[in-house]
Amino acid sequence: MGIDRNEWGVAKGCVREYGHFIDGTEVPSSGERIERHSPATGELVASWPTGTIADVDRAVKTAVEAFEDGRWSGLTASQRSEVLSRVAVQLKNDWKRLALIETLETGKAIAQSADEIPWSGDMWDFAAGQARALHGDAYSSFGDSKLALALREPVGPVGIITPWNYPMVVLAQKLPYALAAGCTVVVKPSEFTSGTTLELARILREAGLPDGVFNVVTGYGNPVGQRLAEHPDIRLVSFTGSTATGRKIVEASAFNMKKVVLELGGKNPNIIFADANLDAAVDGAIKAFVYNSGAECCSGSRVIVQKNIADKFISRLCEKLDSIAIGDPLDLATKMGSINNQPQYEKILKFIEAGKNEATLVRGGRALPDRGCFYIEPTVFKNVPLDASIAKEEIFGPVIAVMPFETIDEAIRIANDTEYGLASSVWTSDLATATRMARKVNAGVVWVNTFLDLPSEIPVGGVRQSGYGRENGRYAAEEYTVIKTVVLQDPTAAARYLD
Ligand code: NAD
């Protein structure tokens with residue numbers, strides 16, 4: 001049974017129409033609009049402008065003016081913190097409507113969106129504290145007449161570019177930290193899922209954020225994202241998305257040597273030792289590729305299982321998968337909704353076809369057109385060679401490649417046999433195994449006996465081609481600052497160059 005949409009705040013048939021958000025107001029679109037249809041049902045749910053280079057330039061000019069006149073960076077940290085806290089409260093109060101909008105645009109299960117909005121609110125809450133905790137350093141070891149300071153200053157106007165898989169969560173990993181540091185911002189959300197970013201703009205205005213500090217330009221990667229990444233007045237770009245686009249961002253950033261923070265793709269190992277609690281490991285392995293329909297940058301898409309339990313593990317996994325509710329994202333009982341968009345749906349099906357020639361299909365492998373527009377069964381392959389495309393490339397869908405190992409050294413070798421390095425999970429009851437794996441796996445995050453466990457306090461981010469820079473935790477706020485060194489000399493005691 002689906003939720004009552006009126007009670008959740010967006011009636012059936014309601015098409016939300018947005019403009020860009022610049023200088024505290026909605027700016028109507030001058031040209032074409034992007035129409036968003038629910039990927040689950042095909043229903044038209046929202047539209048927003050197809051932004052242009054002129055729209056980006058206008059938003060950046062606003063953000064530059066707002067930065068330079070100090071209307072935000074010139075406030076005390078405590079004043080900035082108060083605004084961020086009010087946003088956190090509003091996200092927690094208005095979670096139902098925002099969760100519904102998120103689900104209508106992404107196709108993800110409503111129960112999951114209902115977690116993600118308060119989770120985003122928690123990050124805003126944490127970042128509010130970070131605004132006050134940010135500080136530099138002092139050096140007092142040069143005698144009585146000299147002091148040096150390392151000041152942390154906001155980096156300047158920031159560009160944020162987000163993907164379609166977690167519109168609110170990904171934004172919450174960046175925006176409140178940029179604001180905490182005193183930066184002004186222009187955001188380009190995904191062309192598929194811009195609604196909640198524009199809703200957030202209204203929340204920020206109501207929370208007392210000065211006009212011009214937060215701006216949104218909707219539209220396609222090229223030109224809107226590309227212009228933002230190239231823009232000479234943007235001092236930092238924080239990007240979450242594919243590694244291919246990340247490369248373009250780095251190239252574009254070279255124009256003015258702007259700082260770049262990149263959260264990119266992954267082909268993450270989920271490593272299961274024979275001594276693991278099998279029920280917990282099976283549950284974790286399912287979450288690691290079914291959650292968000294597998295459109296999860298940390299997805300455990302390579303399942304590396306100790307050989308002596310591999311058959312038992314696979315049969316237990318397949319048995320449990322039979323009980324997963326796949327279908328209407330607006331039903332609170334649904335665990336897996338639809339794939340977010342048609343190009344992604346077609347890409348996943350292509351990988352599944354390739355996998356059928358590369359490995360053994362154990363379960364799934366089909367589209368589910370009876371459920372709605374873009375549904376795909378959770379799909380399990382075994383006997384996957386290490387060089388198979390489904391073992392190497394990020395699929396970003398509900399597909400896993402199961403690979404066996406015998407020794408811990410072999411597990412480490414297979415886990416690290418990837419150009420990526422975002423996340424990893426290890427399932428074991430042995431502390432020595434857990435410790436060794438935690439040190440040897442090349443990834444930004446190693447979860448032991450847990451998966452996608454991301455309290456706002458802890459930093460996340462990748463190594464290798466999964467990107468650089470960190471989000472969440474105190475490191476996130478520091479990313480949006482630059483260090484300025486100040487050396488203070490008592491003029492009466494200064495050493496003379498000419499003496
Ligand atoms: P994508 O790279 O296609 O798009 C991401 C964003 O970049 C969108 O807003 C898009 O419009 C924009 N964009 C596209 N071309 C651009 C260009 N030339 N210049 C500037 N911006 C441009 O990614 P996607 O398909 O939206 O998201 C899926 C990818 O995101 C996956 O690879 C996934 O692993 C990754 N992801 C990573 C994390 C993480 O934290 N590491 C989190 C979520 C998603």
# chains A, B, ... in the order shown; residues from 1 in each chain; ligands from 1

$ closest_atom_pairs --of "chain A" --to "ligand 1" --cutoff "7 Å" --atoms "only C-alpha atoms and all ligand atoms" --output "JSON lines"
{"residue": "A:Ile161", "atom": "CA", "partner": "ligand 1", "partner_atom_place_in_ligand_line": "9 (O)", "distance": 5.3}
{"residue": "A:Thr162", "atom": "CA", "partner": "ligand 1", "partner_atom_place_in_ligand_line": "9 (O)", "distance": 4.7}
{"residue": "A:Pro163", "atom": "CA", "partner": "ligand 1", "partner_atom_place_in_ligand_line": "26 (O)", "distance": 3.5}
{"residue": "A:Trp164", "atom": "CA", "partner": "ligand 1", "partner_atom_place_in_ligand_line": "26 (O)", "distance": 4.8}
{"residue": "A:Asn165", "atom": "CA", "partner": "ligand 1", "partner_atom_place_in_ligand_line": "43 (C)", "distance": 6.0}
{"residue": "A:Tyr166", "atom": "CA", "partner": "ligand 1", "partner_atom_place_in_ligand_line": "43 (C)", "distance": 6.5}
{"residue": "A:Val170", "atom": "CA", "partner": "ligand 1", "partner_atom_place_in_ligand_line": "42 (C)", "distance": 6.6}
{"residue": "A:Lys188", "atom": "CA", "partner": "ligand 1", "partner_atom_place_in_ligand_line": "9 (O)", "distance": 6.0}
{"residue": "A:Pro189", "atom": "CA", "partner": "ligand 1", "partner_atom_place_in_ligand_line": "9 (O)", "distance": 4.9}
{"residue": "A:Ser190", "atom": "CA", "partner": "ligand 1", "partner_atom_place_in_ligand_line": "9 (O)", "distance": 3.5}
{"residue": "A:Glu191", "atom": "CA", "partner": "ligand 1", "partner_atom_place_in_ligand_line": "11 (O)", "distance": 5.7}
{"residue": "A:Tyr220", "atom": "CA", "partner": "ligand 1", "partner_atom_place_in_ligand_line": "11 (O)", "distance": 4.8}
{"residue": "A:Gly221", "atom": "CA", "partner": "ligand 1", "partner_atom_place_in_ligand_line": "13 (N)", "distance": 3.4}
{"residue": "A:Asn222", "atom": "CA", "partner": "ligand 1", "partner_atom_place_in_ligand_line": "18 (N)", "distance": 5.1}
{"residue": "A:Val224", "atom": "CA", "partner": "ligand 1", "partner_atom_place_in_ligand_line": "20 (C)", "distance": 6.9}
{"residue": "A:Gly225", "atom": "CA", "partner": "ligand 1", "partner_atom_place_in_ligand_line": "20 (C)", "distance": 3.5}
{"residue": "A:Gln226", "atom": "CA", "partner": "ligand 1", "partner_atom_place_in_ligand_line": "19 (N)", "distance": 3.5}
{"residue": "A:Ala229", "atom": "CA", "partner": "ligand 1", "partner_atom_place_in_ligand_line": "20 (C)", "distance": 6.1}
{"residue": "A:Thr240", "atom": "CA", "partner": "ligand 1", "partner_atom_place_in_ligand_line": "37 (C)", "distance": 5.1}
{"residue": "A:Gly241", "atom": "CA", "partner": "ligand 1", "partner_atom_place_in_ligand_line": "30 (O)", "distance": 3.0}
{"residue": "A:Ser242", "atom": "CA", "partner": "ligand 1", "partner_atom_place_in_ligand_line": "32 (O)", "distance": 3.3}
{"residue": "A:Thr243", "atom": "CA", "partner": "ligand 1", "partner_atom_place_in_ligand_line": "32 (O)", "distance": 6.0}
{"residue": "A:Ala244", "atom": "CA", "partner": "ligand 1", "partner_atom_place_in_ligand_line": "2 (O)", "distance": 6.5}
{"residue": "A:Thr245", "atom": "CA", "partner": "ligand 1", "partner_atom_place_in_ligand_line": "2 (O)", "distance": 4.5}
{"residue": "A:Gly246", "atom": "CA", "partner": "ligand 1", "partner_atom_place_in_ligand_line": "2 (O)", "distance": 6.7}
{"residue": "A:Lys248", "atom": "CA", "partner": "ligand 1", "partner_atom_place_in_ligand_line": "18 (N)", "distance": 5.6}
{"residue": "A:Ile249", "atom": "CA", "partner": "ligand 1", "partner_atom_place_in_ligand_line": "19 (N)", "distance": 5.6}
{"residue": "A:Glu263", "atom": "CA", "partner": "ligand 1", "partner_atom_place_in_ligand_line": "41 (N)", "distance": 3.7}
{"residue": "A:Leu264", "atom": "CA", "partner": "ligand 1", "partner_atom_place_in_ligand_line": "41 (N)", "distance": 4.0}
{"residue": "A:Gly265", "atom": "CA", "partner": "ligand 1", "partner_atom_place_in_ligand_line": "34 (O)", "distance": 3.2}
{"residue": "A:Gly266", "atom": "CA", "partner": "ligand 1", "partner_atom_place_in_ligand_line": "34 (O)", "distance": 5.5}
{"residue": "A:Glu296", "atom": "CA", "partner": "ligand 1", "partner_atom_place_in_ligand_line": "43 (C)", "distance": 6.2}
{"residue": "A:Cys297", "atom": "CA", "partner": "ligand 1", "partner_atom_place_in_ligand_line": "34 (O)", "distance": 3.8}
{"residue": "A:Glu394", "atom": "CA", "partner": "ligand 1", "partner_atom_place_in_ligand_line": "32 (O)", "distance": 6.9}
{"residue": "A:Phe396", "atom": "CA", "partner": "ligand 1", "partner_atom_place_in_ligand_line": "31 (C)", "distance": 6.5}
{"residue": "A:Leu422", "atom": "CA", "partner": "ligand 1", "partner_atom_place_in_ligand_line": "41 (N)", "distance": 6.6}
{"residue": "A:Gly461", "atom": "CA", "partner": "ligand 1", "partner_atom_place_in_ligand_line": "41 (N)", "distance": 6.4}
{"residue": "A:Gly462", "atom": "CA", "partner": "ligand 1", "partner_atom_place_in_ligand_line": "41 (N)", "distance": 6.7}
{"residue": "A:Ser466", "atom": "CA", "partner": "ligand 1", "partner_atom_place_in_ligand_line": "41 (N)", "distance": 6.3}

$ write_last_selection --atoms "N, CA, C and O atoms" --output "short mmCIF file (atom, residue, chain, number, x, y, z; two decimals), in the first residue's frame"
data_model
loop_
_atom_site.label_atom_id
_atom_site.label_comp_id
_atom_site.auth_asym_id
_atom_site.auth_seq_id
_atom_site.Cartn_x
_atom_site.Cartn_y
_atom_site.Cartn_z
N ILE A 161 28.89 20.61 -7.43
CA ILE A 161 28.21 19.87 -8.50
C ILE A 161 27.85 18.49 -7.96
O ILE A 161 28.71 17.77 -7.46
N THR A 162 26.56 18.15 -8.02
CA THR A 162 26.11 16.91 -7.36
C THR A 162 25.48 15.92 -8.36
O THR A 162 25.00 16.31 -9.42
N PRO A 163 25.46 14.62 -7.97
CA PRO A 163 24.89 13.58 -8.84
C PRO A 163 23.43 13.30 -8.48
O PRO A 163 22.86 13.94 -7.58
N TRP A 164 22.85 12.27 -9.12
CA TRP A 164 21.42 11.99 -8.94
C TRP A 164 21.14 10.92 -7.88
O TRP A 164 19.99 10.69 -7.55
N ASN A 165 22.15 10.25 -7.38
CA ASN A 165 21.83 9.09 -6.53
C ASN A 165 21.43 9.47 -5.09
O ASN A 165 20.56 8.81 -4.51
N TYR A 166 22.05 10.52 -4.53
CA TYR A 166 21.66 10.99 -3.19
C TYR A 166 21.61 12.52 -3.22
O TYR A 166 22.52 13.18 -2.66
N VAL A 170 24.30 14.01 -0.50
CA VAL A 170 25.57 14.49 -1.06
C VAL A 170 25.71 16.00 -0.86
O VAL A 170 26.78 16.49 -0.48
N LYS A 188 25.22 23.34 -8.75
CA LYS A 188 24.53 22.75 -9.91
C LYS A 188 24.12 21.33 -9.54
O LYS A 188 24.95 20.43 -9.47
N PRO A 189 22.82 21.12 -9.29
CA PRO A 189 22.38 19.75 -8.98
C PRO A 189 22.27 18.93 -10.26
O PRO A 189 22.34 19.48 -11.36
N SER A 190 22.06 17.62 -10.10
CA SER A 190 21.89 16.77 -11.28
C SER A 190 20.65 17.20 -12.05
O SER A 190 19.62 17.55 -11.46
N GLU A 191 20.74 17.13 -13.34
CA GLU A 191 19.59 17.48 -14.20
C GLU A 191 18.41 16.54 -13.97
O GLU A 191 17.28 16.85 -14.31
N TYR A 220 22.17 21.06 -17.57
CA TYR A 220 23.03 19.92 -17.92
C TYR A 220 24.49 20.16 -17.53
O TYR A 220 24.92 21.30 -17.35
N GLY A 221 25.23 19.04 -17.47
CA GLY A 221 26.64 19.09 -17.11
C GLY A 221 27.39 20.07 -17.99
O GLY A 221 28.20 20.86 -17.50
N ASN A 222 27.13 19.96 -19.27
CA ASN A 222 27.69 20.91 -20.21
C ASN A 222 26.52 21.65 -20.84
O ASN A 222 25.70 21.01 -21.45
N VAL A 224 26.36 23.93 -17.89
CA VAL A 224 26.28 24.57 -16.56
C VAL A 224 27.43 24.14 -15.64
O VAL A 224 28.16 24.97 -15.09
N GLY A 225 27.60 22.79 -15.48
CA GLY A 225 28.67 22.30 -14.61
C GLY A 225 30.04 22.69 -15.14
O GLY A 225 30.93 23.11 -14.39
N GLN A 226 30.18 22.56 -16.45
CA GLN A 226 31.47 22.86 -17.09
C GLN A 226 31.87 24.33 -16.83
O GLN A 226 33.00 24.62 -16.46
N ALA A 229 32.95 24.86 -13.26
CA ALA A 229 34.30 24.32 -13.01
C ALA A 229 35.38 25.19 -13.62
O ALA A 229 36.49 25.28 -13.10
N THR A 240 30.82 15.61 -6.78
CA THR A 240 30.57 14.18 -6.60
C THR A 240 29.93 13.67 -7.87
O THR A 240 28.94 14.24 -8.35
N GLY A 241 30.49 12.60 -8.40
CA GLY A 241 29.96 12.04 -9.64
C GLY A 241 30.93 11.01 -10.19
O GLY A 241 31.75 10.46 -9.45
N SER A 242 30.85 10.78 -11.48
CA SER A 242 31.66 9.71 -12.09
C SER A 242 33.12 10.14 -12.23
O SER A 242 33.43 11.34 -12.30
N THR A 243 33.98 9.16 -12.31
CA THR A 243 35.42 9.45 -12.47
C THR A 243 35.67 10.15 -13.81
O THR A 243 36.50 11.06 -13.89
N ALA A 244 34.91 9.77 -14.86
CA ALA A 244 35.10 10.40 -16.17
C ALA A 244 34.81 11.90 -16.09
O ALA A 244 35.59 12.73 -16.59
N THR A 245 33.72 12.27 -15.42
CA THR A 245 33.40 13.69 -15.29
C THR A 245 34.40 14.38 -14.36
O THR A 245 34.81 15.52 -14.59
N GLY A 246 34.83 13.66 -13.32
CA GLY A 246 35.82 14.21 -12.40
C GLY A 246 37.08 14.66 -13.13
O GLY A 246 37.67 15.71 -12.82
N LYS A 248 37.21 15.71 -16.19
CA LYS A 248 36.90 16.98 -16.90
C LYS A 248 36.93 18.16 -15.94
O LYS A 248 37.33 19.27 -16.29
N ILE A 249 36.50 17.91 -14.70
CA ILE A 249 36.49 18.99 -13.70
C ILE A 249 37.93 19.42 -13.41
O ILE A 249 38.23 20.62 -13.33
N GLU A 263 34.75 13.43 -5.16
CA GLU A 263 34.21 12.17 -4.64
C GLU A 263 33.71 11.41 -5.85
O GLU A 263 32.65 11.73 -6.40
N LEU A 264 34.44 10.39 -6.25
CA LEU A 264 34.16 9.77 -7.55
C LEU A 264 33.65 8.33 -7.39
O LEU A 264 33.09 7.96 -6.38
N GLY A 265 33.87 7.54 -8.41
CA GLY A 265 33.30 6.19 -8.43
C GLY A 265 34.07 5.20 -7.57
O GLY A 265 35.07 5.53 -6.93
N GLY A 266 33.56 3.97 -7.54
CA GLY A 266 34.23 2.91 -6.78
C GLY A 266 33.91 1.54 -7.35
O GLY A 266 32.92 1.37 -8.08
N GLU A 296 25.12 3.31 -5.54
CA GLU A 296 25.78 3.68 -4.29
C GLU A 296 27.28 3.66 -4.58
O GLU A 296 27.82 2.63 -4.96
N CYS A 297 27.92 4.82 -4.40
CA CYS A 297 29.34 4.90 -4.73
C CYS A 297 30.15 3.92 -3.89
O CYS A 297 31.18 3.42 -4.32
N GLU A 394 32.72 0.04 -12.69
CA GLU A 394 31.61 0.41 -11.81
C GLU A 394 30.29 0.27 -12.58
O GLU A 394 30.10 0.92 -13.61
N PHE A 396 27.10 0.46 -10.93
CA PHE A 396 26.17 1.40 -10.30
C PHE A 396 24.74 0.89 -10.40
O PHE A 396 23.80 1.63 -10.67
N LEU A 422 37.58 3.67 -2.97
CA LEU A 422 36.65 4.48 -2.18
C LEU A 422 36.35 3.82 -0.84
O LEU A 422 36.70 4.32 0.21
N GLY A 461 35.90 9.67 1.96
CA GLY A 461 36.50 10.13 0.72
C GLY A 461 37.36 9.03 0.16
O GLY A 461 37.56 8.00 0.81
N GLY A 462 37.87 9.23 -1.05
CA GLY A 462 38.56 8.15 -1.73
C GLY A 462 40.06 8.33 -1.86
O GLY A 462 40.61 9.37 -1.48
N SER A 466 39.22 7.19 -7.12
CA SER A 466 37.97 7.53 -6.44
C SER A 466 37.99 8.97 -5.93
O SER A 466 37.02 9.43 -5.33
#

$ residues_around --residues "Ala11 in chain A" --least-positions-apart "5" --cutoff "12 Å" --atoms "only C-alpha atoms" --output "PyMOL selection string"
chain A and resi 3-6+16+45+97+100-101+104

$ closest_residue --among "A:Asp370, A:Gln306, A:Ser30, A:Ile110" --to "Ala333 in chain A" --atoms "only C-alpha atoms"
A:Ile110

$ select_by_dssp --residues "range 133-329 of chain A" --states "alpha helix (DSSP H)" --output "number ranges by chain"
A: 133, 167-172, 175-181, 195-206, 226-230, 243-253, 278-290, 307-321

$ select_by_dssp --residues "range 185-223 of chain A" --states "strand (DSSP E)" --output "list in words"
Val185, Val186, Val187, Lys188, Phe214, Asn215 and Val216 of chain A

$ residues_around --residues "Cys298 in chain A" --least-positions-apart "6" --cutoff "9 Å" --atoms "only C-alpha atoms" --output "ChimeraX atom specification"
/A:265-268,288,422-424,451-452

$ write_last_selection --atoms "all heavy atoms" --output "PDB file, in the first residue's frame"
ATOM      1  N   GLY A 265      33.867   7.536  -8.413  1.00  0.00           N
ATOM      2  CA  GLY A 265      33.298   6.186  -8.429  1.00  0.00           C
ATOM      3  C   GLY A 265      34.067   5.196  -7.566  1.00  0.00           C
ATOM      4  O   GLY A 265      35.065   5.530  -6.933  1.00  0.00           O
ATOM      5  N   GLY A 266      33.559   3.967  -7.541  1.00  0.00           N
ATOM      6  CA  GLY A 266      34.228   2.913  -6.778  1.00  0.00           C
ATOM      7  C   GLY A 266      33.905   1.543  -7.347  1.00  0.00           C
ATOM      8  O   GLY A 266      32.924   1.375  -8.080  1.00  0.00           O
ATOM      9  N   LYS A 267      34.777   0.593  -7.065  1.00  0.00           N
ATOM     10  CA  LYS A 267      34.484  -0.819  -7.371  1.00  0.00           C
ATOM     11  C   LYS A 267      34.889  -1.551  -6.102  1.00  0.00           C
ATOM     12  O   LYS A 267      35.958  -2.159  -6.013  1.00  0.00           O
ATOM     13  CB  LYS A 267      35.286  -1.276  -8.600  1.00  0.00           C
ATOM     14  CG  LYS A 267      34.871  -2.645  -9.105  1.00  0.00           C
ATOM     15  CD  LYS A 267      33.505  -2.612  -9.772  1.00  0.00           C
ATOM     16  CE  LYS A 267      33.015  -4.014 -10.094  1.00  0.00           C
ATOM     17  NZ  LYS A 267      31.625  -4.006 -10.612  1.00  0.00           N
ATOM     18  N   ASN A 268      34.022  -1.401  -5.103  1.00  0.00           N
ATOM     19  CA  ASN A 268      34.446  -1.657  -3.728  1.00  0.00           C
ATOM     20  C   ASN A 268      34.420  -3.127  -3.344  1.00  0.00           C
ATOM     21  O   ASN A 268      33.447  -3.825  -3.631  1.00  0.00           O
ATOM     22  CB  ASN A 268      33.531  -0.853  -2.800  1.00  0.00           C
ATOM     23  CG  ASN A 268      33.400   0.586  -3.281  1.00  0.00           C
ATOM     24  OD1 ASN A 268      34.342   1.342  -3.204  1.00  0.00           O
ATOM     25  ND2 ASN A 268      32.250   0.930  -3.830  1.00  0.00           N
ATOM     26  N   ALA A 288      24.671  -4.014   0.610  1.00  0.00           N
ATOM     27  CA  ALA A 288      25.754  -3.392  -0.151  1.00  0.00           C
ATOM     28  C   ALA A 288      25.508  -3.367  -1.658  1.00  0.00           C
ATOM     29  O   ALA A 288      26.261  -2.726  -2.389  1.00  0.00           O
ATOM     30  CB  ALA A 288      27.076  -4.087   0.157  1.00  0.00           C
ATOM     31  N   LEU A 422      37.581   3.665  -2.969  1.00  0.00           N
ATOM     32  CA  LEU A 422      36.649   4.475  -2.181  1.00  0.00           C
ATOM     33  C   LEU A 422      36.354   3.817  -0.836  1.00  0.00           C
ATOM     34  O   LEU A 422      36.703   4.319   0.214  1.00  0.00           O
ATOM     35  CB  LEU A 422      35.356   4.698  -2.976  1.00  0.00           C
ATOM     36  CG  LEU A 422      34.372   5.669  -2.341  1.00  0.00           C
ATOM     37  CD1 LEU A 422      34.997   7.037  -2.116  1.00  0.00           C
ATOM     38  CD2 LEU A 422      33.124   5.812  -3.219  1.00  0.00           C
ATOM     39  N   ALA A 423      35.685   2.647  -0.870  1.00  0.00           N
ATOM     40  CA  ALA A 423      35.263   2.021   0.387  1.00  0.00           C
ATOM     41  C   ALA A 423      35.521   0.521   0.315  1.00  0.00           C
ATOM     42  O   ALA A 423      35.811  -0.024  -0.751  1.00  0.00           O
ATOM     43  CB  ALA A 423      33.780   2.279   0.620  1.00  0.00           C
ATOM     44  N   SER A 424      35.402  -0.138   1.467  1.00  0.00           N
ATOM     45  CA  SER A 424      35.564  -1.589   1.520  1.00  0.00           C
ATOM     46  C   SER A 424      34.906  -2.086   2.801  1.00  0.00           C
ATOM     47  O   SER A 424      34.742  -1.321   3.753  1.00  0.00           O
ATOM     48  CB  SER A 424      37.055  -1.950   1.540  1.00  0.00           C
ATOM     49  OG  SER A 424      37.656  -1.346   2.671  1.00  0.00           O
ATOM     50  N   PHE A 451      28.428  -1.994   7.202  1.00  0.00           N
ATOM     51  CA  PHE A 451      28.509  -1.434   5.843  1.00  0.00           C
ATOM     52  C   PHE A 451      27.718  -0.142   5.779  1.00  0.00           C
ATOM     53  O   PHE A 451      26.661  -0.016   6.406  1.00  0.00           O
ATOM     54  CB  PHE A 451      27.950  -2.420   4.804  1.00  0.00           C
ATOM     55  CG  PHE A 451      27.812  -1.792   3.442  1.00  0.00           C
ATOM     56  CD1 PHE A 451      28.939  -1.553   2.666  1.00  0.00           C
ATOM     57  CD2 PHE A 451      26.580  -1.389   2.965  1.00  0.00           C
ATOM     58  CE1 PHE A 451      28.821  -0.912   1.430  1.00  0.00           C
ATOM     59  CE2 PHE A 451      26.458  -0.754   1.726  1.00  0.00           C
ATOM     60  CZ  PHE A 451      27.580  -0.535   0.960  1.00  0.00           C
ATOM     61  N   LEU A 452      28.195   0.811   5.029  1.00  0.00           N
ATOM     62  CA  LEU A 452      27.564   2.110   4.834  1.00  0.00           C
ATOM     63  C   LEU A 452      27.195   2.735   6.177  1.00  0.00           C
ATOM     64  O   LEU A 452      26.094   3.238   6.375  1.00  0.00           O
ATOM     65  CB  LEU A 452      26.317   1.984   3.934  1.00  0.00           C
ATOM     66  CG  LEU A 452      25.915   3.273   3.179  1.00  0.00           C
ATOM     67  CD1 LEU A 452      27.028   3.750   2.281  1.00  0.00           C
ATOM     68  CD2 LEU A 452      24.649   3.076   2.388  1.00  0.00           C
TER      69      LEU A 452
END

$ residues_around --residues "Ser456 in chain A" --least-positions-apart "5" --cutoff "7 Å" --atoms "only C-alpha atoms" --output "ChimeraX atom specification"
/A:122-123,126,472-473

$ write_last_selection --atoms "C-alpha atoms" --output "PDB file, in the first residue's frame"
ATOM      1  CA  ASP A 122      22.152  15.615  11.216  1.00  0.00           C
ATOM      2  CA  MET A 123      25.041  16.645   8.968  1.00  0.00           C
ATOM      3  CA  PHE A 126      27.180  18.716  13.010  1.00  0.00           C
ATOM      4  CA  ASN A 472      32.049  14.985   6.799  1.00  0.00           C
ATOM      5  CA  GLY A 473      33.763  15.373  10.120  1.00  0.00           C
TER       6      GLY A 473
END

$ atom_distance --atom1 "CA of Phe273 in chain A" --atom2 "CA of Asn357 in chain A"
28.0 Å
